[in-house]
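Below: the structure, in structure tokens.
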Amino acid sequence: MHIDARSIDDNSLVEGDLCIVGAGAAGLSIALEWKGLNKKVILLESGGFEFDMKTQELNAGTSTGQHYFPLQSSRLRYFGGTTGHWQGMCSPFDEIDFKVRSYVPHSGWPIDRQTLEPYYEKANKVLQLGPYQYDYAYWKGENPDFVSFPLDRNVIWDKMWQKNPIRFGPAYKDDIVKAKNIHLYTNATAVNLDANESVNAIRGIEVKNHAGKSFRVRAKQYILACGAIQNARLLLASNTRAVGGIGNGNDVVGRYFMEHFEMICSELRLFKQFPSSLYSRDKVRAELALTEETQLENQILNGTAKLRPYEVYKDMDNYMEKWNDEDPREAMKNLKESSLLTKLLRLKSRIIAPESFLLDTRMEQAPNPNSRVTLSGEKDALGMPEVNLHWELSPIDKRSLRKIHEIIGTQFAKAGLGRVRIMDFLLDEDDAAFRENVNAGWHHMGTTRMSDDPKKGVVDQNCKVHGLSNLYVAGSGCFATSGAPNPTLTLVALSIRLSDYVKDRLSVKSV
Ligand SMILES: Cc1cc2nc3c(=O)[nH]c(=O)nc-3n(C[C@H](O)[C@H](O)[C@H](O)COP(=O)(O)OP(=O)(O)OC[C@H]3O[C@@H](n4cnc5c(N)ncnc54)[C@H](O)[C@@H]3O)c2cc1C
């Protein structure tokens, strides 16, 4: 059922069993799990079904620290969320991503990789990817032309990826709107969480829109699924009863903001041509990854390298340079603009195997408590405080990027396959050039991190906010460390797991 909240009676009260705030990848993955159940779900979405700049401006914020994308354009505010223009690259986290590593301060999740396994399989379906298979052997069976570089498997392995840029809006609108027990309110921005006097439960959410309407939602359980920055903002801004914001008794909300490094770090020159379709296909492909043992031995972060044909990418600006507009439509246009020559070179690289590649790394960022989202002094059009993002890196980030490429270089040389030249900005002792070259993947993580210790995390292992009996957070803000792969497959898996937990608490029965 769909209700446009601009037509709702001012100051009305909406009641249900579960309230989900945000209809992006996380919120919709949860809502779909409740379709047809004997519980009333209120799904609040800030935007409508189509993009609207006035609503988009509610994402506005400032940045300090390491240069970052404009906050306003780095997330989309309408039904379907940022999947409205994401790239759809997916791969699950590795076992090491969940473990405590002595050389990575604040590492370690309270759950392991195995706990997420059944949910990864479900998430794979929600994201409409191919079979839930991420082993090279499986994909080699499907694609006999896939040939893996003959490198030492104790050091380097082929991490498989799948791609499907599914738009959650069009893909799931009918399912949601036709579900009788799901009450989707569009143009409904949550602006405040109202806690009880002891601040141990939420008793309502205040909602507003540009039509000047305000209303209140009362439910038994509440899940925030607004994206990592906006979830932190909502918690911090809900500070009438809880000084410093809800769930923030230990000053952790907004801290440990993490991104993925996505940057070209070296050049690989093969001694002779190699059939590289395994590393260059569009829907399924491999990236070079370092084994757990190699990471531990070298005390480095987890990262992979994808192969980019040198001729196609040699003159390309990094995404951060191109994505410089507050309007996400313009930012995307700048990113996609590629010349006819680039298109021809890309086509050529698919026909004639190139001998030269740029190695484009994806790497986790070490959790850093000073990398954080706080409220700025500004307010948006609905009167809600805006945010400032202070993105801060750690020395292990640069060291790991460099080491990953040194190891790949050594392995290619040992196998007699080629040579790797590392970019100067990673070799320079001074970090200024490195900072100028840093590029990221529009992945917001860690602002409401998971830990069983309330002093170190905002949510517990079930994504429940510490100290509150009926408030949960869904999304990559809950990640304790960011892993090397892009976040959405993992955040959808985590959201479906959270959904099961809340179902148990509401004694849900299917009808
Ligand atoms: C250009 C680009 C490329 C990307 N490519 C990839 C990729 O290849 N692979 C990958 O894994 N990830 C990728 N991502 C990241 C991916 O888009 C996000 O991980 C994912 O969308 C996050 O899902 P989410 O539901 O947490 O947040 P979102 O999808 O942003 O959804 C949040 C929803 O909450 C709503 N909302 C916000 N505040 C409020 C409020 N106060 N009240 C009510 N509703 C609210 C918003 O309108 C939105 O609908 C990319 C992102 C960008 C920008």
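Just so we're on the same page: first chain in the structure tokens is A, next is B, and so on; residues restart at 1 for each chain, and ligands are numbered from 1 in the order they show up.
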>> as a PyMOL selection string, please: every protein or nucleic acid residue near ligand 1 (cut-off 6 Å, counting only C-alpha atoms and all ligand atoms).
In response: chain A and resi 21-27+44-47+74-83+85-90+188-191+225-227+230+442-443+475+486-489
Neighbouring residues of range 138-154 of chain A were defined as those with any atom within 8 Å, considering only C-alpha atoms; residues of the same chain fewer than 6 positions away were excluded. Please report them as a PDB file with all heavy atoms, in the first residue's frame.
```pdb
ATOM      1  N   PRO A 275      45.871 -14.541 -22.402  1.00  0.00           N
ATOM      2  CA  PRO A 275      44.407 -14.431 -22.579  1.00  0.00           C
ATOM      3  C   PRO A 275      43.754 -13.957 -21.278  1.00  0.00           C
ATOM      4  O   PRO A 275      43.623 -14.734 -20.331  1.00  0.00           O
ATOM      5  CB  PRO A 275      43.983 -15.861 -22.927  1.00  0.00           C
ATOM      6  CG  PRO A 275      45.085 -16.743 -22.439  1.00  0.00           C
ATOM      7  CD  PRO A 275      46.335 -15.930 -22.403  1.00  0.00           C
ATOM      8  N   SER A 276      43.364 -12.676 -21.214  1.00  0.00           N
ATOM      9  CA  SER A 276      42.987 -12.087 -19.927  1.00  0.00           C
ATOM     10  C   SER A 276      41.479 -11.937 -19.717  1.00  0.00           C
ATOM     11  O   SER A 276      41.040 -11.146 -18.892  1.00  0.00           O
ATOM     12  CB  SER A 276      43.674 -10.731 -19.781  1.00  0.00           C
ATOM     13  OG  SER A 276      43.374  -9.939 -20.903  1.00  0.00           O
ATOM     14  N   SER A 277      40.670 -12.723 -20.444  1.00  0.00           N
ATOM     15  CA  SER A 277      39.213 -12.522 -20.324  1.00  0.00           C
ATOM     16  C   SER A 277      38.721 -12.754 -18.890  1.00  0.00           C
ATOM     17  O   SER A 277      37.768 -12.116 -18.443  1.00  0.00           O
ATOM     18  CB  SER A 277      38.458 -13.426 -21.296  1.00  0.00           C
ATOM     19  OG  SER A 277      38.689 -14.774 -20.982  1.00  0.00           O
ATOM     20  N   LEU A 278      39.381 -13.641 -18.138  1.00  0.00           N
ATOM     21  CA  LEU A 278      38.978 -13.878 -16.738  1.00  0.00           C
ATOM     22  C   LEU A 278      38.988 -12.574 -15.942  1.00  0.00           C
ATOM     23  O   LEU A 278      38.186 -12.374 -15.036  1.00  0.00           O
ATOM     24  CB  LEU A 278      39.942 -14.891 -16.102  1.00  0.00           C
ATOM     25  CG  LEU A 278      39.889 -15.059 -14.575  1.00  0.00           C
ATOM     26  CD1 LEU A 278      38.528 -15.590 -14.130  1.00  0.00           C
ATOM     27  CD2 LEU A 278      40.991 -15.982 -14.100  1.00  0.00           C
ATOM     28  N   THR A 291      46.394 -13.890  -0.280  1.00  0.00           N
ATOM     29  CA  THR A 291      45.882 -14.870   0.682  1.00  0.00           C
ATOM     30  C   THR A 291      45.953 -14.309   2.103  1.00  0.00           C
ATOM     31  O   THR A 291      46.727 -13.374   2.378  1.00  0.00           O
ATOM     32  CB  THR A 291      46.718 -16.166   0.645  1.00  0.00           C
ATOM     33  OG1 THR A 291      48.077 -15.818   0.944  1.00  0.00           O
ATOM     34  CG2 THR A 291      46.644 -16.858  -0.703  1.00  0.00           C
ATOM     35  N   GLU A 293      47.283 -15.689   4.676  1.00  0.00           N
ATOM     36  CA  GLU A 293      48.633 -15.881   5.225  1.00  0.00           C
ATOM     37  C   GLU A 293      49.549 -14.739   4.785  1.00  0.00           C
ATOM     38  O   GLU A 293      50.341 -14.213   5.577  1.00  0.00           O
ATOM     39  CB  GLU A 293      49.252 -17.210   4.737  1.00  0.00           C
ATOM     40  CG  GLU A 293      48.536 -18.477   5.202  1.00  0.00           C
ATOM     41  CD  GLU A 293      47.142 -18.649   4.592  1.00  0.00           C
ATOM     42  OE1 GLU A 293      46.958 -18.246   3.423  1.00  0.00           O
ATOM     43  OE2 GLU A 293      46.239 -19.146   5.281  1.00  0.00           O
ATOM     44  N   THR A 294      49.445 -14.358   3.523  1.00  0.00           N
ATOM     45  CA  THR A 294      50.302 -13.279   3.008  1.00  0.00           C
ATOM     46  C   THR A 294      49.981 -11.955   3.711  1.00  0.00           C
ATOM     47  O   THR A 294      50.889 -11.192   4.070  1.00  0.00           O
ATOM     48  CB  THR A 294      50.110 -13.133   1.486  1.00  0.00           C
ATOM     49  OG1 THR A 294      50.309 -14.402   0.892  1.00  0.00           O
ATOM     50  CG2 THR A 294      51.051 -12.130   0.885  1.00  0.00           C
ATOM     51  N   GLN A 411      55.569 -11.536  -7.427  1.00  0.00           N
ATOM     52  CA  GLN A 411      54.995 -12.800  -7.904  1.00  0.00           C
ATOM     53  C   GLN A 411      54.986 -12.874  -9.438  1.00  0.00           C
ATOM     54  O   GLN A 411      55.252 -13.929 -10.010  1.00  0.00           O
ATOM     55  CB  GLN A 411      53.579 -12.990  -7.343  1.00  0.00           C
ATOM     56  CG  GLN A 411      53.549 -13.217  -5.834  1.00  0.00           C
ATOM     57  CD  GLN A 411      54.448 -14.367  -5.402  1.00  0.00           C
ATOM     58  OE1 GLN A 411      54.439 -15.443  -5.993  1.00  0.00           O
ATOM     59  NE2 GLN A 411      55.271 -14.134  -4.380  1.00  0.00           N
ATOM     60  N   PHE A 412      54.676 -11.771 -10.099  1.00  0.00           N
ATOM     61  CA  PHE A 412      54.701 -11.785 -11.580  1.00  0.00           C
ATOM     62  C   PHE A 412      56.127 -11.988 -12.085  1.00  0.00           C
ATOM     63  O   PHE A 412      56.352 -12.699 -13.058  1.00  0.00           O
ATOM     64  CB  PHE A 412      54.087 -10.498 -12.163  1.00  0.00           C
ATOM     65  CG  PHE A 412      52.604 -10.618 -12.380  1.00  0.00           C
ATOM     66  CD1 PHE A 412      51.718 -10.388 -11.349  1.00  0.00           C
ATOM     67  CD2 PHE A 412      52.086 -10.998 -13.618  1.00  0.00           C
ATOM     68  CE1 PHE A 412      50.348 -10.527 -11.527  1.00  0.00           C
ATOM     69  CE2 PHE A 412      50.715 -11.138 -13.815  1.00  0.00           C
ATOM     70  CZ  PHE A 412      49.849 -10.897 -12.769  1.00  0.00           C
ATOM     71  N   ALA A 415      57.204 -15.640 -11.527  1.00  0.00           N
ATOM     72  CA  ALA A 415      56.559 -16.566 -12.475  1.00  0.00           C
ATOM     73  C   ALA A 415      57.015 -16.306 -13.913  1.00  0.00           C
ATOM     74  O   ALA A 415      56.561 -16.980 -14.841  1.00  0.00           O
ATOM     75  CB  ALA A 415      55.032 -16.431 -12.370  1.00  0.00           C
TER      76      ALA A 415
END
```
>> Restricting the calculation to only C-alpha atoms: of A:Val207, A:Asp94, A:Pro131, A:Leu270, which residue gets closest to Glu117 in chain A?
In response: A:Asp94
> At what distance in Å, to one decimal, does CA of Thr481 in chain A lie from CA of His466 in chain A?
Replying inline: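 CA of Thr481 in chain A lies at a distance of 18.6 Å from CA of His466 in chain A.
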>> To test your reading of the structure, identify every residue in range 265-341 of chain A that backbone DSSP assigns to alpha helix (DSSP H), and report it as a ChimeraX atom specification.
In response: /A:277-280,292-298,310-313,319-322,328-336,340-341
Please produce a file of those selected residues containing N, CA, C and O atoms, as a compact mmCIF listing (two decimals), in the first residue's frame.
```txt
# COMPACT_ATOMS: atom_id res chain seq x y z
N SER A 277 40.67 -12.72 -20.44
CA SER A 277 39.21 -12.52 -20.32
C SER A 277 38.72 -12.75 -18.89
O SER A 277 37.77 -12.12 -18.44
N LEU A 278 39.38 -13.64 -18.14
CA LEU A 278 38.98 -13.88 -16.74
C LEU A 278 38.99 -12.57 -15.94
O LEU A 278 38.19 -12.37 -15.04
N TYR A 279 39.91 -11.69 -16.28
CA TYR A 279 40.09 -10.47 -15.50
C TYR A 279 39.40 -9.25 -16.12
O TYR A 279 39.47 -8.17 -15.56
N SER A 280 38.74 -9.46 -17.27
CA SER A 280 38.20 -8.27 -17.94
C SER A 280 36.74 -8.39 -18.36
O SER A 280 36.18 -7.45 -18.89
N GLU A 292 45.17 -14.93 2.98
CA GLU A 292 45.15 -14.52 4.39
C GLU A 292 46.57 -14.60 4.98
O GLU A 292 47.02 -13.68 5.68
N GLU A 293 47.28 -15.69 4.68
CA GLU A 293 48.63 -15.88 5.22
C GLU A 293 49.55 -14.74 4.79
O GLU A 293 50.34 -14.21 5.58
N THR A 294 49.44 -14.36 3.52
CA THR A 294 50.30 -13.28 3.01
C THR A 294 49.98 -11.96 3.71
O THR A 294 50.89 -11.19 4.07
N GLN A 295 48.69 -11.71 3.93
CA GLN A 295 48.31 -10.46 4.62
C GLN A 295 48.87 -10.45 6.03
O GLN A 295 49.43 -9.45 6.48
N LEU A 296 48.71 -11.59 6.73
CA LEU A 296 49.16 -11.64 8.13
C LEU A 296 50.69 -11.52 8.21
O LEU A 296 51.21 -10.77 9.05
N GLU A 297 51.36 -12.21 7.30
CA GLU A 297 52.82 -12.19 7.31
C GLU A 297 53.35 -10.76 7.08
O GLU A 297 54.32 -10.33 7.69
N ASN A 298 52.69 -10.04 6.20
CA ASN A 298 53.16 -8.68 5.85
C ASN A 298 52.47 -7.59 6.65
O ASN A 298 52.73 -6.40 6.44
N TYR A 310 45.97 -0.66 -20.21
CA TYR A 310 46.73 0.59 -20.08
C TYR A 310 46.27 1.64 -21.08
O TYR A 310 46.04 2.80 -20.74
N GLU A 311 46.13 1.24 -22.33
CA GLU A 311 45.81 2.21 -23.39
C GLU A 311 44.47 2.91 -23.12
O GLU A 311 44.28 4.06 -23.45
N VAL A 312 43.53 2.19 -22.51
CA VAL A 312 42.19 2.77 -22.29
C VAL A 312 42.21 3.72 -21.10
O VAL A 312 41.56 4.76 -21.11
N TYR A 313 42.97 3.37 -20.06
CA TYR A 313 42.83 4.11 -18.80
C TYR A 313 43.98 5.06 -18.49
O TYR A 313 43.94 5.76 -17.49
N TYR A 319 38.00 9.17 -10.04
CA TYR A 319 36.56 9.47 -9.87
C TYR A 319 36.33 10.73 -9.04
O TYR A 319 35.41 11.48 -9.26
N MET A 320 37.21 10.91 -8.05
CA MET A 320 37.02 12.02 -7.12
C MET A 320 37.13 13.35 -7.86
O MET A 320 36.45 14.31 -7.51
N GLU A 321 38.01 13.40 -8.88
CA GLU A 321 38.16 14.62 -9.69
C GLU A 321 36.89 14.85 -10.50
O GLU A 321 36.41 15.98 -10.64
N LYS A 322 36.36 13.77 -11.05
CA LYS A 322 35.23 13.91 -11.98
C LYS A 322 33.91 14.13 -11.26
O LYS A 322 33.04 14.82 -11.75
N PRO A 328 23.66 14.92 -8.31
CA PRO A 328 24.17 13.58 -8.68
C PRO A 328 24.01 13.25 -10.16
O PRO A 328 24.81 12.48 -10.71
N ARG A 329 23.01 13.88 -10.82
CA ARG A 329 22.83 13.59 -12.26
C ARG A 329 24.01 14.16 -13.05
O ARG A 329 24.53 13.53 -13.96
N GLU A 330 24.44 15.37 -12.67
CA GLU A 330 25.59 16.00 -13.35
C GLU A 330 26.87 15.25 -13.02
O GLU A 330 27.72 15.02 -13.89
N ALA A 331 27.00 14.86 -11.74
CA ALA A 331 28.21 14.15 -11.31
C ALA A 331 28.34 12.84 -12.10
O ALA A 331 29.43 12.50 -12.58
N MET A 332 27.23 12.13 -12.27
CA MET A 332 27.26 10.87 -13.00
C MET A 332 27.60 11.10 -14.47
O MET A 332 28.35 10.35 -15.08
N LYS A 333 27.04 12.21 -15.01
CA LYS A 333 27.31 12.53 -16.42
C LYS A 333 28.82 12.78 -16.61
O LYS A 333 29.44 12.26 -17.53
N ASN A 334 29.42 13.54 -15.70
CA ASN A 334 30.87 13.81 -15.79
C ASN A 334 31.68 12.52 -15.73
O ASN A 334 32.66 12.35 -16.43
N LEU A 335 31.21 11.60 -14.88
CA LEU A 335 31.94 10.34 -14.70
C LEU A 335 31.89 9.49 -15.96
O LEU A 335 32.86 8.85 -16.34
N LYS A 336 30.72 9.49 -16.59
CA LYS A 336 30.52 8.57 -17.71
C LYS A 336 31.05 9.09 -19.04
O LYS A 336 31.19 8.32 -19.98
N LEU A 340 35.07 9.01 -28.03
CA LEU A 340 34.94 7.94 -29.02
C LEU A 340 36.22 7.11 -29.03
O LEU A 340 36.18 5.88 -29.10
N LEU A 341 37.36 7.82 -28.88
CA LEU A 341 38.65 7.12 -28.91
C LEU A 341 38.72 6.09 -27.77
O LEU A 341 39.14 4.95 -27.95
```
>> If we count only C-alpha atoms and set the cut-off at 12 Å, which residues sit around Ser371 in chain A, ignoring sequence neighbours fewer than 5 positions away in its own chain? Please answer as a ChimeraX atom specification.
In response: /A:63-66,252-259,365-366,388-394,444-447
> Which residues in range 175-243 of chain A does DSSP call strand (DSSP E or B)? List them as a PyMOL selection string.
Replying inline: chain A and resi 182-186+189-195+202-208+214-218+221-224
>> Between A:Phe93, A:Tyr472, A:Phe215, A:Tyr134, which residue has the minimum interatomic distance to Arg497 in chain A, considering only C-alpha atoms?
In response: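 Under the stated criterion, the closest residue is A:Tyr472.
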>> So the first atom is CA of Val458 in chain A and the second is CA of Lys39 in chain A; what is the distance between them in Å, to one decimal place?
In response: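 Separation of CA of Val458 in chain A and CA of Lys39 in chain A: 27.3 Å.
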> Which is closer to Trp323 in chain A than all the others in A:Glu337, A:Asp52, A:Lys178, A:Ala195, using only C-alpha atoms?
Replying inline: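 The closest residue to Trp323 in chain A is A:Glu337.
Nearest to Gly467 in chain A of all the residues A:Asp397, A:Arg308, A:Leu498, A:Lys455 is A:Lys455, based on only C-alpha atoms.
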> Nearest to Lys40 in chain A among A:Asn181, A:Thr490, A:Gln299, A:Thr186, with distances taken over only C-alpha atoms: which residue is it?
Replying inline: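 Using only C-alpha atoms, Lys40 in chain A sits closest to A:Asn181.
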>> Quick check, in Å to one decimal: how far apart do CA of Asn370 in chain A and CA of Ile111 in chain A lie?
In response: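 We find that CA of Asn370 in chain A and CA of Ile111 in chain A lie 24.3 Å from each other.
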> Quick one: residues within 6 Å of range 95-110 of chain A, only C-alpha atoms counted, chain neighbours fewer than 3 positions away excluded, as a ChimeraX atom specification?
Replying inline: /A:113,451,461,480,483
> Can you list, as a ChimeraX atom specification, every protein, DNA or RNA residue that comes within 10 Å of range 234-240 of chain A when you count only C-alpha atoms, leaving out same-chain residues fewer than 2 positions away?
Replying inline: /A:190-195,205,224,226,229-232,242-248,251,253-254,373-375,384-387,448
> Which is closest to Asp135 in chain A among A:Asp453, A:Tyr68, A:Gln56, A:Arg285, if we use only C-alpha atoms?
Replying inline: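 Of A:Asp453, A:Tyr68, A:Gln56, A:Arg285, the one nearest Asp135 in chain A, counting only C-alpha atoms, is A:Arg285.
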>> I want to know what sits within 9 Å of Lys403 in chain A, based on only C-alpha atoms, with residues of the same chain fewer than 5 positions away left out; could you give that as a ChimeraX atom specification?
In response: /A:298,300,398,408
>> Residues within 12 Å of Ser91 in chain A, please, as an MDAnalysis selection string. Count only C-alpha atoms; anything in the same chain fewer than 3 positions from it doesn't count.
In response: chainID A and resid 88 94 120:121 123:124 127 129:130 132:135 158:164 283:287 304 362 483:493
